[in-house]
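**Student:** What follows is a structure written as structure tokens; I'll ask about it next.
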Amino acid sequence: MISDRCNQVFEQVVKDYHQYNDINKTCENPYQEGSVDNLLYAKCWIDTAQWHMEDEVRDPDIAPVEALKWKRRIDSSNQERTDLVEDIDTYFLEKFKDIQPLQSAKINTESPAWAIDRLSILALKIYHMHEETNRANVDESQLKQRKQKLAILLQQREDLSLAIDELLQDIESGNKYMKVYRQMKMYNDPELNPVLYNSKK
């Protein structure tokens with residue numbers, strides 16, 4: 001099942017990243033370039049670094065100039081993340097290119113890669129919520145709440161994994177078909193963001 005592989009790679013990334021816990025650490029992707037595992041690893045590495053960028057920018061004592069630097073870095077990271085999700089969808093489009101959808105085939109609300117994107121974020125939520133269940137400076141009531149939240153996240157991962165596998169099975173059997181709309185992040189495009197293209201005048 002593809003979800004098993006995704007979860008294995010995502011857990012590996014989160015573990016690898018936290019050996020260094022350094023936003024600036026270059027991703028050392030262990031998988032062959034062009035493979036889906038390579039794409040999954042690279043995508044989750046971006047998610048993991050960005051998770052910690054989001055922590056930094058929420059520092060209540062952060063200087064405005066520093067916050068703006070983080071904001072722009074997060075925007076850039078988001079664009080890289082989107083590009084990789086689209087690369088993963090391209091992998092699935094190629095994989096299923098010879099499948100003839102049934103006349104009754106339906107479209108899904110999101111593509112396989114965008115569902116997998118949510119699985120990557122869940123790996124991070126689970127890791128960090130698990131950390132919170134081991135904090136020594138919180139009371140029993142707080143620990144209980146964190147453990148309950150962790151249980152929900154684990155159930156959510158199980159449900160989402162099943163849904164992803166069923167979606168791919170439906171595409172492979174012709175019961176559903178893929179239709180991918182490329183993301184058009186207008187705020188990053190100097191030709192589409194009015195603040196950017198007007199600044200050239």
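Each chain in the structure tokens gets a letter, A, B, ..., in the order shown, and its residues are numbered from 1; ligands are numbered from 1 in order too.
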Per DSSP on the backbone, filter chain A down to the residues in strand (DSSP E) and report them as a list in words.

**Tutor:**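 Everything in chain A that counts as strand (DSSP E) is Lys106, Ile107, Lys176 and Tyr177 of chain A.
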
**Student:** Take the residues that were just selected and, keeping C-alpha atoms, output them as an mmCIF file, in the first residue's frame.

**Tutor:**
```cif
data_model
loop_
_atom_site.group_PDB
_atom_site.id
_atom_site.type_symbol
_atom_site.label_atom_id
_atom_site.label_comp_id
_atom_site.auth_asym_id
_atom_site.auth_seq_id
_atom_site.Cartn_x
_atom_site.Cartn_y
_atom_site.Cartn_z
ATOM 1 C CA LYS A 106 -16.120 9.985 -10.641
ATOM 2 C CA ILE A 107 -13.565 12.611 -9.740
ATOM 3 C CA LYS A 176 -12.299 7.259 -10.323
ATOM 4 C CA TYR A 177 -10.109 9.390 -12.545
#
```

**Student:** Could you find all residues in region 79-149 of chain A that DSSP calls helix (DSSP H, G or I) from the backbone, and write them as number ranges by chain?

**Tutor:** A: 79-95, 112-132, 140-149

**Student:** Got time to write the residues from that selection, N, CA and C atoms, as a short mmCIF file (atom, residue, chain, number, x, y, z; two decimals), in the first residue's frame?

**Tutor:**
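Result written to out.cif:
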```cif
data_model
loop_
_atom_site.label_atom_id
_atom_site.label_comp_id
_atom_site.auth_asym_id
_atom_site.auth_seq_id
_atom_site.Cartn_x
_atom_site.Cartn_y
_atom_site.Cartn_z
N GLN A 79 6.22 27.57 -1.73
CA GLN A 79 6.27 27.38 -3.17
C GLN A 79 7.01 26.08 -3.52
N GLU A 80 8.11 25.82 -2.82
CA GLU A 80 8.86 24.57 -3.05
C GLU A 80 7.98 23.36 -2.71
N ARG A 81 7.25 23.48 -1.61
CA ARG A 81 6.35 22.39 -1.18
C ARG A 81 5.30 22.12 -2.24
N THR A 82 4.69 23.19 -2.76
CA THR A 82 3.66 23.05 -3.79
C THR A 82 4.24 22.39 -5.04
N ASP A 83 5.42 22.82 -5.43
CA ASP A 83 6.07 22.24 -6.62
C ASP A 83 6.29 20.74 -6.45
N LEU A 84 6.70 20.34 -5.25
CA LEU A 84 6.94 18.92 -5.01
C LEU A 84 5.65 18.12 -4.98
N VAL A 85 4.59 18.69 -4.42
CA VAL A 85 3.30 18.00 -4.45
C VAL A 85 2.89 17.76 -5.90
N GLU A 86 3.09 18.76 -6.74
CA GLU A 86 2.73 18.62 -8.15
C GLU A 86 3.61 17.56 -8.83
N ASP A 87 4.87 17.46 -8.42
CA ASP A 87 5.75 16.41 -8.97
C ASP A 87 5.24 15.02 -8.57
N ILE A 88 4.74 14.90 -7.34
CA ILE A 88 4.19 13.62 -6.89
C ILE A 88 2.94 13.27 -7.69
N ASP A 89 2.09 14.28 -7.95
CA ASP A 89 0.91 14.02 -8.79
C ASP A 89 1.32 13.62 -10.20
N THR A 90 2.38 14.22 -10.71
CA THR A 90 2.88 13.84 -12.04
C THR A 90 3.29 12.37 -12.06
N TYR A 91 3.88 11.90 -10.96
CA TYR A 91 4.24 10.48 -10.84
C TYR A 91 3.00 9.61 -10.98
N PHE A 92 1.92 9.98 -10.28
CA PHE A 92 0.69 9.18 -10.35
C PHE A 92 0.00 9.30 -11.71
N LEU A 93 0.05 10.47 -12.32
CA LEU A 93 -0.52 10.61 -13.66
C LEU A 93 0.19 9.68 -14.65
N GLU A 94 1.50 9.60 -14.53
CA GLU A 94 2.27 8.71 -15.40
C GLU A 94 1.95 7.25 -15.08
N LYS A 95 1.84 6.94 -13.80
CA LYS A 95 1.57 5.56 -13.37
C LYS A 95 0.24 5.06 -13.92
N PRO A 112 -4.33 12.65 -5.44
CA PRO A 112 -3.60 11.80 -4.49
C PRO A 112 -2.48 12.53 -3.76
N ALA A 113 -1.73 13.37 -4.48
CA ALA A 113 -0.58 14.02 -3.85
C ALA A 113 -0.99 15.03 -2.78
N TRP A 114 -2.13 15.70 -2.99
CA TRP A 114 -2.55 16.66 -1.96
C TRP A 114 -3.07 15.93 -0.72
N ALA A 115 -3.60 14.73 -0.89
CA ALA A 115 -3.95 13.92 0.28
C ALA A 115 -2.69 13.45 0.99
N ILE A 116 -1.69 13.07 0.22
CA ILE A 116 -0.40 12.64 0.78
C ILE A 116 0.28 13.81 1.50
N ASP A 117 0.09 15.01 0.98
CA ASP A 117 0.60 16.21 1.64
C ASP A 117 0.07 16.29 3.08
N ARG A 118 -1.20 16.01 3.27
CA ARG A 118 -1.80 16.05 4.60
C ARG A 118 -1.23 14.94 5.50
N LEU A 119 -0.86 13.82 4.87
CA LEU A 119 -0.26 12.72 5.63
C LEU A 119 1.12 13.13 6.16
N SER A 120 1.85 13.90 5.37
CA SER A 120 3.16 14.40 5.79
C SER A 120 3.02 15.33 7.00
N ILE A 121 2.04 16.23 6.93
CA ILE A 121 1.82 17.15 8.05
C ILE A 121 1.39 16.39 9.30
N LEU A 122 0.60 15.35 9.11
CA LEU A 122 0.18 14.53 10.26
C LEU A 122 1.37 13.87 10.94
N ALA A 123 2.37 13.45 10.17
CA ALA A 123 3.57 12.85 10.76
C ALA A 123 4.24 13.84 11.72
N LEU A 124 4.24 15.11 11.33
CA LEU A 124 4.83 16.15 12.19
C LEU A 124 3.97 16.41 13.42
N LYS A 125 2.67 16.47 13.22
CA LYS A 125 1.78 16.69 14.36
C LYS A 125 1.92 15.57 15.39
N ILE A 126 2.00 14.34 14.89
CA ILE A 126 2.13 13.18 15.79
C ILE A 126 3.44 13.23 16.55
N TYR A 127 4.53 13.54 15.84
CA TYR A 127 5.85 13.60 16.48
C TYR A 127 5.85 14.64 17.60
N HIS A 128 5.37 15.83 17.29
CA HIS A 128 5.44 16.92 18.27
C HIS A 128 4.42 16.76 19.39
N MET A 129 3.25 16.19 19.08
CA MET A 129 2.29 15.94 20.16
C MET A 129 2.82 14.85 21.09
N HIS A 130 3.51 13.87 20.52
CA HIS A 130 4.12 12.84 21.36
C HIS A 130 5.16 13.46 22.30
N GLU A 131 5.93 14.41 21.77
CA GLU A 131 6.89 15.12 22.63
C GLU A 131 6.18 15.81 23.79
N GLU A 132 5.02 16.39 23.49
CA GLU A 132 4.28 17.13 24.51
C GLU A 132 3.73 16.20 25.60
N GLU A 140 -1.04 16.73 35.42
CA GLU A 140 -1.67 15.51 34.91
C GLU A 140 -2.84 15.80 33.97
N SER A 141 -3.59 16.84 34.28
CA SER A 141 -4.72 17.21 33.44
C SER A 141 -4.25 17.61 32.04
N GLN A 142 -3.17 18.38 31.97
CA GLN A 142 -2.62 18.79 30.67
C GLN A 142 -2.06 17.59 29.91
N LEU A 143 -1.38 16.71 30.63
CA LEU A 143 -0.84 15.52 29.98
C LEU A 143 -1.96 14.65 29.43
N LYS A 144 -3.04 14.53 30.18
CA LYS A 144 -4.18 13.73 29.72
C LYS A 144 -4.76 14.30 28.43
N GLN A 145 -4.90 15.63 28.37
CA GLN A 145 -5.41 16.28 27.16
C GLN A 145 -4.50 16.02 25.97
N ARG A 146 -3.20 16.10 26.19
CA ARG A 146 -2.24 15.87 25.11
C ARG A 146 -2.30 14.43 24.60
N LYS A 147 -2.44 13.51 25.53
CA LYS A 147 -2.54 12.09 25.15
C LYS A 147 -3.82 11.83 24.36
N GLN A 148 -4.89 12.49 24.74
CA GLN A 148 -6.14 12.36 23.98
C GLN A 148 -5.98 12.92 22.57
N LYS A 149 -5.31 14.04 22.46
CA LYS A 149 -5.07 14.64 21.15
C LYS A 149 -4.17 13.74 20.30
#
```

**Student:** Using only C-alpha atoms, which of A:Val14, A:Cys44, A:Met186, A:Ile23 sits nearest Ile74 (chain A)?

**Tutor:** A:Ile23

**Student:** Nearest to Asn188 (chain A): which of A:Ser111, A:Ser77, A:Asn137, A:Gln103 is it, counting only C-alpha atoms?

**Tutor:**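 Of all the options, A:Ser77 lies closest to Asn188 (chain A).
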
**Student:** Would you pick out the contacts of Glu158 (chain A) at 10 Å or less, using only C-alpha atoms, so that residues sharing its chain but fewer than 6 positions from it are not included, and give the list as a ChimeraX atom specification?

**Tutor:** /A:3-4,119,152

**Student:** Have a look at CA of Ala42 (chain A) and CA of Lys69 (chain A) and let me know their distance in Å, one decimal.

**Tutor:**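 It comes out at 22.8 Å.
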
**Student:** Counting only C-alpha atoms, figure out which residue out of A:Asn193, A:Asp22, A:Glu110, A:Glu28 gets nearest to Glu56 (chain A).

**Tutor:**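 So, comparing all the options, the nearest one is A:Asp22.
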
**Student:** Can you pull out the residues contacting Asp55 (chain A)? Cut-off 12 Å, using only C-alpha atoms, and skip same-chain residues under 3 positions away; I want them as a PyMOL selection string.

**Tutor:** chain A and resi 23+48-52+58-60+62+67+70-71+74+128

**Student:** For the residues in the current selection, export C-alpha atoms as a short mmCIF file (atom, residue, chain, number, x, y, z; two decimals), in the first residue's frame.

**Tutor:**
```cif
data_model
loop_
_atom_site.label_atom_id
_atom_site.label_comp_id
_atom_site.auth_asym_id
_atom_site.auth_seq_id
_atom_site.Cartn_x
_atom_site.Cartn_y
_atom_site.Cartn_z
CA ILE A 23 16.29 24.75 9.89
CA THR A 48 9.56 19.71 8.77
CA ALA A 49 11.84 22.71 8.34
CA GLN A 50 8.83 24.93 7.71
CA TRP A 51 7.12 23.65 10.86
CA HIS A 52 10.03 25.12 12.83
CA ARG A 58 5.46 33.30 16.42
CA ASP A 59 8.02 34.40 19.00
CA PRO A 60 6.16 37.24 20.83
CA ILE A 62 10.51 38.87 17.56
CA ALA A 67 9.55 38.42 11.36
CA TRP A 70 10.80 34.52 8.26
CA LYS A 71 7.57 35.34 6.44
CA ILE A 74 8.05 30.61 4.63
CA HIS A 128 5.44 16.92 18.27
#
```

**Student:** So, with only C-alpha atoms as the atoms that count, which of A:Ala151, A:Tyr20, A:Glu54, A:Asn108 lies closest to Asp75 (chain A)?

**Tutor:** A:Glu54

**Student:** Out of A:Thr109, A:Leu167, A:Glu33, A:Asn38, which residue has the shortest atom-to-atom distance to Tyr181 (chain A) when counting only C-alpha atoms?

**Tutor:**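 Ranked by minimum distance to Tyr181 (chain A), first place goes to A:Thr109.
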